[in-house]
Amino acid sequence: MTENSIPPPLSLVCEVTHRCPLHCVYCSNPLVMQGQDAELPTEVWIKVFGEAAKLGVAHLHLTGGEPLARHDIIDLVRAGREAGLYINMITSAVGLNKGRLQALADAGLDHIQLSLQDAEEDLANRWAGARAHSKKLEMAELIKTESRLAFTVNIVVHRQNLDRLEKMIALAESMMPQRIEIAHVQYYGWALKNRDLLLPTREQLDSSIRVLHEAQKRLSGRIHLQAVLPDYYARYPKACVGGWGQQLLLIDPAGQALPCHSAGLIPGMTFDNVRDHDLSWIWYKSSAFERFRGDDWMQDPCRSCDRKTIDFGGCRCQAMQILGDPYATDPACSLSPHHDELVAIAAAASEKSSDMVYRILSAPTTESTPFLY
Ligand code: SF4
Ligand code: SF4
């Protein structure tokens with residue numbers, strides 16, 4: 001593709017740290033994470049936000065890990081606002097308090113996304129590997145009174161909690177957000193390690209879709225309720241990251257620029273660093289973003305498929321993880337010659353039980369709360 005035919009990125013996702021007080025069994029962070037020593041300093045993030053705005057980025061997503069684990073998070077939000085970006089923070093709310101929330105809103109934070117693990121405290125803490133649930137409820141009470149912030153509650157669902165979806169939606173509703181997002185676990189990183197424990201059954205999924213539709217009708221006009229379904233049961237794959245190198249640019253805590261959060265598992269990738277290169281050069285010229293842009297790389301059935309401009313052949317990382325070939329059609333697609341393998345994985349997983357593997361940073365930090373389980 002030529003530079004003129006490549007749109008600028010819509011979203012810049014900044015994993016400002018991999019440190020996190022939670023240890024969620026479904027975390028999609030990589031298994032080998034970066035410690036505090038490797039993190040970009042404040043001034044480099046500020047440089048990146050300015051370059052992003054010049055490049056045409058509209059949305060800045062501050063995530064991690066837990067972005068509140070950074071002591072300079074207020075400065076980062078202020079810098080994003082000064083650069084003219086719309087700023088969303090994805091957080092567990094552990095590390096938040098009234099003063100910090102006000103400071104974030106004063107600095108220009110536009111939107112906060114809070115995740116929920118379950119409707120019941122002991123279970124929610126179990127999936128998070130930390131005593132975080134009651135803190136989230138407390139912080140949700142504060143967030144809903146801060147009128148400058150738009151608010152989304154994100155409910156992460158899987159086999160262990162999907163039967164309580166109705167209760168979880170009711171809990172989220174009581175937090176009075178503008179949006180509730182039901183997000184089925186995506187099987188990357190730690191979630192892939194726990195796949196046998198987390199993949200829902202077909203029956204659970206069907207029943208949860210009925211719950212979802214009823215809640216959508218009930219909440220219509222008050223709260224926007226949307227769901228991301230698990231692609232192991234889909235007919236066609238998700239349009240992963242809106243197309244490789246088309247909409248999203250992700251920076252990891254150490255400054256490596258990736259087209260998606262799991263791209264590191266694809267062999268032969270080189271990720272340029274924002275310390276060494278301008279964001280515009282990275283987006284238009286770096287080999288990582290070029291690798292699966294357009295459709296020259298596609299094999300059949302994608303190459304000759306009229307949906308290739310809709311889903312872009314699905315997820316390269318999933319093709320790599322399941323089939324060992326990042327150029328293959330995503331096996332979540334019913335047209336993939338390997339789709340049956342994915343269906344078999346889903347069927348077998350729901351029969352199995354396995355030990356939970358909790359997400360831990362290889363280099364522990366003093367800011368982690370005691371590990372619960
Ligand atoms: S451990 Fe949980 S809260 Fe922390 S980054 Fe992973 S999913 Fe988010
Ligand atoms: S064959 Fe490829 S382009 Fe066609 S629907 Fe499946 S993944 Fe999408």
# chains A, B, ... in the order shown; residues from 1 in each chain; ligands from 1
call {"tool": "residues_near_ligand", "arguments": {"ligand": "ligand 2", "cutoff": "12 Å", "atoms": "only C-alpha atoms and all ligand atoms", "output": "VMD selection string"}}
result
chain A and resid 231 234 to 240 243 294 to 295 297 to 316 318 to 319 327 to 339
call {"tool": "residues_near_ligand", "arguments": {"ligand": "ligand 1", "cutoff": "10 Å", "atoms": "only C-alpha atoms and all ligand atoms", "output": "PDB file with N, CA and C atoms, in the first residue's frame"}}
result
ATOM      1  N   GLU A  15      -0.207   1.290  26.643  1.00  0.00           N
ATOM      2  CA  GLU A  15      -0.050   0.453  27.844  1.00  0.00           C
ATOM      3  C   GLU A  15       1.049   1.123  28.661  1.00  0.00           C
ATOM      4  N   THR A  17       1.933   0.964  31.666  1.00  0.00           N
ATOM      5  CA  THR A  17       2.660   0.100  32.602  1.00  0.00           C
ATOM      6  C   THR A  17       2.095  -1.312  32.513  1.00  0.00           C
ATOM      7  N   HIS A  18       2.888  -2.298  32.827  1.00  0.00           N
ATOM      8  CA  HIS A  18       2.348  -3.650  33.000  1.00  0.00           C
ATOM      9  C   HIS A  18       2.080  -3.952  34.466  1.00  0.00           C
ATOM     10  N   ARG A  19       2.467  -3.029  35.364  1.00  0.00           N
ATOM     11  CA  ARG A  19       2.183  -3.273  36.780  1.00  0.00           C
ATOM     12  C   ARG A  19       0.672  -3.243  36.998  1.00  0.00           C
ATOM     13  N   CYS A  20       0.186  -4.125  37.846  1.00  0.00           N
ATOM     14  CA  CYS A  20      -1.249  -4.162  38.111  1.00  0.00           C
ATOM     15  C   CYS A  20      -1.487  -4.827  39.467  1.00  0.00           C
ATOM     16  N   PRO A  21      -2.355  -4.263  40.279  1.00  0.00           N
ATOM     17  CA  PRO A  21      -2.636  -4.904  41.572  1.00  0.00           C
ATOM     18  C   PRO A  21      -3.538  -6.125  41.433  1.00  0.00           C
ATOM     19  N   LEU A  22      -4.111  -6.330  40.248  1.00  0.00           N
ATOM     20  CA  LEU A  22      -4.945  -7.507  40.025  1.00  0.00           C
ATOM     21  C   LEU A  22      -4.144  -8.574  39.277  1.00  0.00           C
ATOM     22  N   HIS A  23      -4.672  -9.782  39.275  1.00  0.00           N
ATOM     23  CA  HIS A  23      -3.974 -10.915  38.645  1.00  0.00           C
ATOM     24  C   HIS A  23      -4.960 -11.735  37.824  1.00  0.00           C
ATOM     25  N   CYS A  24      -5.788 -11.052  37.021  1.00  0.00           N
ATOM     26  CA  CYS A  24      -6.943 -11.702  36.391  1.00  0.00           C
ATOM     27  C   CYS A  24      -6.552 -12.923  35.558  1.00  0.00           C
ATOM     28  N   VAL A  25      -7.362 -13.973  35.711  1.00  0.00           N
ATOM     29  CA  VAL A  25      -7.076 -15.219  34.984  1.00  0.00           C
ATOM     30  C   VAL A  25      -7.336 -15.061  33.487  1.00  0.00           C
ATOM     31  N   TYR A  26      -8.058 -14.012  33.095  1.00  0.00           N
ATOM     32  CA  TYR A  26      -8.391 -13.805  31.676  1.00  0.00           C
ATOM     33  C   TYR A  26      -7.566 -12.686  31.041  1.00  0.00           C
ATOM     34  N   CYS A  27      -6.545 -12.209  31.734  1.00  0.00           N
ATOM     35  CA  CYS A  27      -5.788 -11.053  31.236  1.00  0.00           C
ATOM     36  C   CYS A  27      -5.150 -11.382  29.883  1.00  0.00           C
ATOM     37  N   SER A  28      -5.249 -10.450  28.954  1.00  0.00           N
ATOM     38  CA  SER A  28      -4.674 -10.706  27.621  1.00  0.00           C
ATOM     39  C   SER A  28      -3.274 -10.105  27.473  1.00  0.00           C
ATOM     40  N   ASN A  29      -2.731  -9.600  28.553  1.00  0.00           N
ATOM     41  CA  ASN A  29      -1.331  -9.132  28.497  1.00  0.00           C
ATOM     42  C   ASN A  29      -0.411 -10.306  28.167  1.00  0.00           C
ATOM     43  N   PRO A  30       0.763 -10.010  27.590  1.00  0.00           N
ATOM     44  CA  PRO A  30       1.681 -11.109  27.265  1.00  0.00           C
ATOM     45  C   PRO A  30       2.168 -11.838  28.515  1.00  0.00           C
ATOM     46  N   THR A  63      -4.080   2.512  29.220  1.00  0.00           N
ATOM     47  CA  THR A  63      -4.378   1.215  29.776  1.00  0.00           C
ATOM     48  C   THR A  63      -3.092   0.596  30.287  1.00  0.00           C
ATOM     49  N   GLY A  64      -3.125  -0.727  30.541  1.00  0.00           N
ATOM     50  CA  GLY A  64      -1.930  -1.379  31.080  1.00  0.00           C
ATOM     51  C   GLY A  64      -2.046  -2.879  30.944  1.00  0.00           C
ATOM     52  N   GLY A  65      -1.803  -3.559  32.062  1.00  0.00           N
ATOM     53  CA  GLY A  65      -1.648  -3.137  33.436  1.00  0.00           C
ATOM     54  C   GLY A  65      -2.686  -2.116  33.916  1.00  0.00           C
ATOM     55  N   GLU A  66      -2.355  -1.561  35.044  1.00  0.00           N
ATOM     56  CA  GLU A  66      -3.230  -0.573  35.667  1.00  0.00           C
ATOM     57  C   GLU A  66      -2.597   0.808  35.516  1.00  0.00           C
ATOM     58  N   PRO A  67      -3.212   1.672  34.682  1.00  0.00           N
ATOM     59  CA  PRO A  67      -2.590   2.991  34.454  1.00  0.00           C
ATOM     60  C   PRO A  67      -2.432   3.810  35.734  1.00  0.00           C
ATOM     61  N   ILE A  90      -8.745   2.981  30.962  1.00  0.00           N
ATOM     62  CA  ILE A  90      -9.268   1.648  31.246  1.00  0.00           C
ATOM     63  C   ILE A  90      -8.636   1.204  32.561  1.00  0.00           C
ATOM     64  N   THR A  91      -9.474   1.014  33.584  1.00  0.00           N
ATOM     65  CA  THR A  91      -8.927   0.854  34.930  1.00  0.00           C
ATOM     66  C   THR A  91      -9.714  -0.138  35.763  1.00  0.00           C
ATOM     67  N   SER A  92      -9.035  -0.699  36.769  1.00  0.00           N
ATOM     68  CA  SER A  92      -9.705  -1.535  37.774  1.00  0.00           C
ATOM     69  C   SER A  92     -10.210  -0.662  38.914  1.00  0.00           C
ATOM     70  N   ALA A  93      -9.824   0.596  38.928  1.00  0.00           N
ATOM     71  CA  ALA A  93     -10.141   1.591  39.967  1.00  0.00           C
ATOM     72  C   ALA A  93      -9.353   1.360  41.253  1.00  0.00           C
ATOM     73  N   VAL A  94      -8.528   0.339  41.303  1.00  0.00           N
ATOM     74  CA  VAL A  94      -7.659   0.161  42.472  1.00  0.00           C
ATOM     75  C   VAL A  94      -6.524   1.183  42.294  1.00  0.00           C
ATOM     76  N   LEU A 114     -14.504   1.002  33.642  1.00  0.00           N
ATOM     77  CA  LEU A 114     -14.250   0.200  34.843  1.00  0.00           C
ATOM     78  C   LEU A 114     -14.672  -1.233  34.567  1.00  0.00           C
ATOM     79  N   SER A 115     -13.828  -2.194  34.932  1.00  0.00           N
ATOM     80  CA  SER A 115     -14.164  -3.589  34.669  1.00  0.00           C
ATOM     81  C   SER A 115     -14.771  -4.250  35.901  1.00  0.00           C
ATOM     82  N   LEU A 116     -15.704  -5.174  35.651  1.00  0.00           N
ATOM     83  CA  LEU A 116     -16.309  -5.985  36.723  1.00  0.00           C
ATOM     84  C   LEU A 116     -16.014  -7.446  36.445  1.00  0.00           C
ATOM     85  N   GLN A 117     -15.705  -8.204  37.494  1.00  0.00           N
ATOM     86  CA  GLN A 117     -15.361  -9.619  37.298  1.00  0.00           C
ATOM     87  C   GLN A 117     -16.511 -10.574  37.587  1.00  0.00           C
ATOM     88  N   TRP A 127     -11.658 -14.444  40.434  1.00  0.00           N
ATOM     89  CA  TRP A 127     -11.207 -14.323  39.025  1.00  0.00           C
ATOM     90  C   TRP A 127     -10.121 -13.251  38.905  1.00  0.00           C
ATOM     91  N   ALA A 128     -10.161 -12.269  39.822  1.00  0.00           N
ATOM     92  CA  ALA A 128      -9.154 -11.189  39.770  1.00  0.00           C
ATOM     93  C   ALA A 128      -7.882 -11.552  40.523  1.00  0.00           C
ATOM     94  N   GLY A 129      -7.954 -12.579  41.395  1.00  0.00           N
ATOM     95  CA  GLY A 129      -6.787 -12.939  42.200  1.00  0.00           C
ATOM     96  C   GLY A 129      -6.408 -11.845  43.173  1.00  0.00           C
ATOM     97  N   ALA A 130      -7.383 -11.019  43.549  1.00  0.00           N
ATOM     98  CA  ALA A 130      -7.109  -9.894  44.458  1.00  0.00           C
ATOM     99  C   ALA A 130      -8.424  -9.421  45.069  1.00  0.00           C
ATOM    100  N   ALA A 132     -10.515  -6.930  45.195  1.00  0.00           N
ATOM    101  CA  ALA A 132     -10.706  -5.663  44.493  1.00  0.00           C
ATOM    102  C   ALA A 132     -12.180  -5.276  44.346  1.00  0.00           C
ATOM    103  N   VAL A 156     -16.527  -8.628  32.110  1.00  0.00           N
ATOM    104  CA  VAL A 156     -15.767  -9.661  31.386  1.00  0.00           C
ATOM    105  C   VAL A 156     -16.406 -11.013  31.700  1.00  0.00           C
ATOM    106  N   VAL A 185     -14.235 -13.166  27.043  1.00  0.00           N
ATOM    107  CA  VAL A 185     -12.767 -13.253  27.086  1.00  0.00           C
ATOM    108  C   VAL A 185     -12.225 -13.541  25.684  1.00  0.00           C
ATOM    109  N   GLY A 189      -2.589 -14.384  25.574  1.00  0.00           N
ATOM    110  CA  GLY A 189      -1.840 -14.188  26.818  1.00  0.00           C
ATOM    111  C   GLY A 189      -2.284 -15.150  27.908  1.00  0.00           C
ATOM    112  N   TRP A 190      -2.607 -14.605  29.075  1.00  0.00           N
ATOM    113  CA  TRP A 190      -2.988 -15.414  30.240  1.00  0.00           C
ATOM    114  C   TRP A 190      -4.324 -16.103  30.003  1.00  0.00           C
ATOM    115  N   ALA A 191      -5.187 -15.473  29.248  1.00  0.00           N
ATOM    116  CA  ALA A 191      -6.489 -16.087  28.951  1.00  0.00           C
ATOM    117  C   ALA A 191      -6.312 -17.373  28.144  1.00  0.00           C
ATOM    118  N   TYR A 358      -2.752 -17.564  37.458  1.00  0.00           N
ATOM    119  CA  TYR A 358      -2.954 -16.138  37.665  1.00  0.00           C
ATOM    120  C   TYR A 358      -1.871 -15.325  36.970  1.00  0.00           C
ATOM    121  N   ARG A 359      -2.293 -14.152  36.512  1.00  0.00           N
ATOM    122  CA  ARG A 359      -1.386 -13.255  35.792  1.00  0.00           C
ATOM    123  C   ARG A 359      -0.445 -12.594  36.813  1.00  0.00           C
ATOM    124  N   ILE A 360       0.848 -12.828  36.627  1.00  0.00           N
ATOM    125  CA  ILE A 360       1.816 -12.162  37.501  1.00  0.00           C
ATOM    126  C   ILE A 360       2.921 -11.534  36.651  1.00  0.00           C
ATOM    127  N   LEU A 361       3.371 -10.409  37.113  1.00  0.00           N
ATOM    128  CA  LEU A 361       4.499  -9.737  36.477  1.00  0.00           C
ATOM    129  C   LEU A 361       5.757 -10.462  36.928  1.00  0.00           C
TER     130      LEU A 361
END
call {"tool": "residues_around", "arguments": {"residues": "A:Asn88", "least_positions_apart": "4", "cutoff": "8 Å", "atoms": "only C-alpha atoms", "output": "list in words"}}
result
His59, Leu60, His61, Leu62, Leu109, Asp110, His111, Ile112 and Gln113 of chain A
call {"tool": "write_last_selection", "arguments": {"atoms": "N, CA and C atoms", "output": "PDB file, in the first residue's frame"}}
result
ATOM      1  N   HIS A  59      -8.436   9.315  19.399  1.00  0.00           N
ATOM      2  CA  HIS A  59      -8.670   8.754  20.743  1.00  0.00           C
ATOM      3  C   HIS A  59      -7.388   8.225  21.354  1.00  0.00           C
ATOM      4  N   LEU A  60      -7.172   8.601  22.594  1.00  0.00           N
ATOM      5  CA  LEU A  60      -6.059   8.052  23.372  1.00  0.00           C
ATOM      6  C   LEU A  60      -6.642   7.141  24.453  1.00  0.00           C
ATOM      7  N   HIS A  61      -6.233   5.889  24.463  1.00  0.00           N
ATOM      8  CA  HIS A  61      -6.676   4.947  25.490  1.00  0.00           C
ATOM      9  C   HIS A  61      -5.501   4.675  26.415  1.00  0.00           C
ATOM     10  N   LEU A  62      -5.645   5.064  27.665  1.00  0.00           N
ATOM     11  CA  LEU A  62      -4.590   4.798  28.650  1.00  0.00           C
ATOM     12  C   LEU A  62      -4.941   3.510  29.372  1.00  0.00           C
ATOM     13  N   LEU A 109      -9.422  14.272  31.623  1.00  0.00           N
ATOM     14  CA  LEU A 109      -9.893  12.923  31.279  1.00  0.00           C
ATOM     15  C   LEU A 109     -11.344  13.018  30.812  1.00  0.00           C
ATOM     16  N   ASP A 110     -11.652  12.309  29.704  1.00  0.00           N
ATOM     17  CA  ASP A 110     -13.007  12.373  29.151  1.00  0.00           C
ATOM     18  C   ASP A 110     -13.859  11.174  29.550  1.00  0.00           C
ATOM     19  N   HIS A 111     -13.232  10.018  29.682  1.00  0.00           N
ATOM     20  CA  HIS A 111     -14.020   8.785  29.790  1.00  0.00           C
ATOM     21  C   HIS A 111     -13.279   7.800  30.666  1.00  0.00           C
ATOM     22  N   ILE A 112     -14.037   7.052  31.460  1.00  0.00           N
ATOM     23  CA  ILE A 112     -13.422   6.046  32.308  1.00  0.00           C
ATOM     24  C   ILE A 112     -14.141   4.716  32.066  1.00  0.00           C
ATOM     25  N   GLN A 113     -13.368   3.668  31.919  1.00  0.00           N
ATOM     26  CA  GLN A 113     -13.941   2.333  31.731  1.00  0.00           C
ATOM     27  C   GLN A 113     -13.507   1.453  32.892  1.00  0.00           C
TER      28      GLN A 113
END
call {"tool": "atom_distance", "arguments": {"atom1": "atom CA of A:Pro253", "atom2": "atom CA of A:Thr152"}}
result
24.1 Å
call {"tool": "atom_distance", "arguments": {"atom1": "atom CA of A:Arg131", "atom2": "atom CA of A:Asn154"}}
result
18.1 Å
call {"tool": "closest_residue", "arguments": {"among": "A:Tyr187, A:Ala69, A:Thr145, A:Ser286", "to": "A:Ile322", "atoms": "only C-alpha atoms"}}
result
A:Tyr187
call {"tool": "select_by_dssp", "arguments": {"residues": "stretch 91-323 of chain A", "states": "alpha helix (DSSP H)", "output": "MDAnalysis selection string"}}
result
chainID A and resid 98:107 121:128 133:143 165:174 189:193 195:198 202:219 279:285 287:290 308:311 316:323
call {"tool": "write_last_selection", "arguments": {"atoms": "C-alpha atoms", "output": "mmCIF file, in the first residue's frame"}}
result
data_model
loop_
_atom_site.group_PDB
_atom_site.id
_atom_site.type_symbol
_atom_site.label_atom_id
_atom_site.label_comp_id
_atom_site.auth_asym_id
_atom_site.auth_seq_id
_atom_site.Cartn_x
_atom_site.Cartn_y
_atom_site.Cartn_z
ATOM 1 C CA LYS A 98 -11.846 11.063 45.472
ATOM 2 C CA GLY A 99 -8.909 13.463 45.151
ATOM 3 C CA ARG A 100 -7.312 11.531 42.342
ATOM 4 C CA LEU A 101 -10.589 11.241 40.441
ATOM 5 C CA GLN A 102 -11.116 14.986 40.619
ATOM 6 C CA ALA A 103 -7.540 15.620 39.546
ATOM 7 C CA LEU A 104 -8.009 13.327 36.544
ATOM 8 C CA ALA A 105 -11.177 15.159 35.529
ATOM 9 C CA ASP A 106 -9.464 18.552 36.078
ATOM 10 C CA ALA A 107 -6.569 17.390 33.885
ATOM 11 C CA GLU A 121 -17.683 -10.463 45.893
ATOM 12 C CA ASP A 122 -15.888 -13.737 46.649
ATOM 13 C CA LEU A 123 -16.188 -14.910 43.053
ATOM 14 C CA ALA A 124 -15.162 -11.562 41.573
ATOM 15 C CA ASN A 125 -12.087 -11.556 43.802
ATOM 16 C CA ARG A 126 -11.346 -15.118 42.788
ATOM 17 C CA TRP A 127 -11.207 -14.323 39.025
ATOM 18 C CA ALA A 128 -9.154 -11.189 39.770
ATOM 19 C CA HIS A 133 -14.491 -5.991 44.151
ATOM 20 C CA SER A 134 -15.616 -3.880 47.117
ATOM 21 C CA LYS A 135 -13.158 -1.145 46.109
ATOM 22 C CA LYS A 136 -14.672 -1.113 42.609
ATOM 23 C CA LEU A 137 -18.188 -0.686 44.028
ATOM 24 C CA GLU A 138 -16.993 2.169 46.208
ATOM 25 C CA MET A 139 -15.221 3.886 43.304
ATOM 26 C CA ALA A 140 -18.212 3.423 40.973
ATOM 27 C CA GLU A 141 -20.262 5.471 43.475
ATOM 28 C CA LEU A 142 -17.710 8.281 43.122
ATOM 29 C CA ILE A 143 -17.373 8.065 39.356
ATOM 30 C CA LEU A 165 -25.008 -12.449 33.525
ATOM 31 C CA GLU A 166 -28.409 -11.092 34.563
ATOM 32 C CA LYS A 167 -27.114 -10.270 38.061
ATOM 33 C CA MET A 168 -23.939 -8.725 36.657
ATOM 34 C CA ILE A 169 -25.944 -6.487 34.313
ATOM 35 C CA ALA A 170 -28.143 -5.432 37.264
ATOM 36 C CA LEU A 171 -25.040 -4.568 39.290
ATOM 37 C CA ALA A 172 -23.565 -2.581 36.398
ATOM 38 C CA GLU A 173 -26.909 -0.801 35.909
ATOM 39 C CA SER A 174 -26.871 0.312 39.558
ATOM 40 C CA GLY A 189 -1.840 -14.188 26.818
ATOM 41 C CA TRP A 190 -2.988 -15.414 30.240
ATOM 42 C CA ALA A 191 -6.489 -16.087 28.951
ATOM 43 C CA LEU A 192 -5.103 -18.598 26.468
ATOM 44 C CA LYS A 193 -3.332 -20.366 29.325
ATOM 45 C CA ARG A 195 -8.789 -21.377 28.019
ATOM 46 C CA ASP A 196 -10.029 -24.763 29.239
ATOM 47 C CA LEU A 197 -11.360 -23.096 32.337
ATOM 48 C CA LEU A 198 -12.875 -20.072 30.619
ATOM 49 C CA ARG A 202 -22.707 -23.362 23.454
ATOM 50 C CA GLU A 203 -25.729 -23.704 25.806
ATOM 51 C CA GLN A 204 -24.373 -20.994 28.101
ATOM 52 C CA LEU A 205 -23.759 -18.712 25.155
ATOM 53 C CA ASP A 206 -27.283 -19.202 23.729
ATOM 54 C CA SER A 207 -28.873 -18.544 27.082
ATOM 55 C CA SER A 208 -26.700 -15.463 27.690
ATOM 56 C CA ILE A 209 -27.753 -14.012 24.328
ATOM 57 C CA ARG A 210 -31.391 -14.227 25.460
ATOM 58 C CA VAL A 211 -30.484 -12.424 28.720
ATOM 59 C CA LEU A 212 -28.619 -9.808 26.726
ATOM 60 C CA HIS A 213 -31.514 -9.110 24.351
ATOM 61 C CA GLU A 214 -33.967 -8.748 27.214
ATOM 62 C CA ALA A 215 -31.611 -6.346 29.018
ATOM 63 C CA GLN A 216 -31.070 -4.334 25.829
ATOM 64 C CA LYS A 217 -34.837 -3.837 25.526
ATOM 65 C CA ARG A 218 -35.213 -2.911 29.188
ATOM 66 C CA LEU A 219 -32.287 -0.439 29.181
ATOM 67 C CA LEU A 279 5.057 7.946 15.331
ATOM 68 C CA SER A 280 4.319 8.967 11.735
ATOM 69 C CA TRP A 281 7.351 7.023 10.457
ATOM 70 C CA ILE A 282 6.323 4.022 12.548
ATOM 71 C CA TRP A 283 2.765 4.075 11.201
ATOM 72 C CA TYR A 284 3.588 4.543 7.527
ATOM 73 C CA LYS A 285 6.995 2.897 7.150
ATOM 74 C CA SER A 287 7.851 -3.301 8.824
ATOM 75 C CA ALA A 288 5.530 -4.417 11.653
ATOM 76 C CA PHE A 289 2.668 -2.236 10.387
ATOM 77 C CA GLU A 290 3.300 -3.097 6.738
ATOM 78 C CA LYS A 308 -12.078 -9.552 2.958
ATOM 79 C CA THR A 309 -12.720 -5.800 3.160
ATOM 80 C CA ILE A 310 -15.092 -6.379 6.102
ATOM 81 C CA ASP A 311 -13.090 -8.649 8.417
ATOM 82 C CA ARG A 316 -3.379 -12.979 12.505
ATOM 83 C CA CYS A 317 -2.448 -13.848 16.078
ATOM 84 C CA GLN A 318 -5.266 -16.389 16.366
ATOM 85 C CA ALA A 319 -4.216 -17.985 13.055
ATOM 86 C CA MET A 320 -0.698 -18.224 14.483
ATOM 87 C CA GLN A 321 -1.794 -19.569 17.855
ATOM 88 C CA ILE A 322 -4.144 -22.239 16.542
ATOM 89 C CA LEU A 323 -2.600 -23.156 13.192
#
call {"tool": "atom_distance", "arguments": {"atom1": "atom CA of A:Gln178", "atom2": "atom CA of A:Asp118"}}
result
19.5 Å
call {"tool": "residues_around", "arguments": {"residues": "A:Lys144", "least_positions_apart": "3", "cutoff": "8 Å", "atoms": "only C-alpha atoms", "output": "PyMOL selection string"}}
result
chain A and resi 140-141+147+151+175-177
call {"tool": "residues_around", "arguments": {"residues": "A:Leu258", "least_positions_apart": "3", "cutoff": "12 Å", "atoms": "only C-alpha atoms", "output": "number ranges by chain"}}
result
A: 12-15, 241, 244-245, 247-255, 261-266, 269-274, 279, 282-283, 286-291
call {"tool": "closest_residue", "arguments": {"among": "A:Gln160, A:Tyr233, A:Gly35, A:Gly242", "to": "A:Pro7", "atoms": "only C-alpha atoms"}}
result
A:Gly242
call {"tool": "residues_around", "arguments": {"residues": "A:Ala227", "least_positions_apart": "4", "cutoff": "9 Å", "atoms": "only C-alpha atoms", "output": "PyMOL selection string"}}
result
chain A and resi 180-184+212
call {"tool": "write_last_selection", "arguments": {"atoms": "C-alpha atoms", "output": "PDB file, in the first residue's frame"}}
result
ATOM      1  CA  ILE A 180     -22.312  -1.348  29.620  1.00  0.00           C
ATOM      2  CA  GLU A 181     -20.085  -3.582  27.572  1.00  0.00           C
ATOM      3  CA  ILE A 182     -20.290  -7.370  27.851  1.00  0.00           C
ATOM      4  CA  ALA A 183     -16.886  -8.615  26.744  1.00  0.00           C
ATOM      5  CA  HIS A 184     -16.330 -12.322  26.281  1.00  0.00           C
ATOM      6  CA  LEU A 212     -28.619  -9.808  26.726  1.00  0.00           C
TER       7      LEU A 212
END
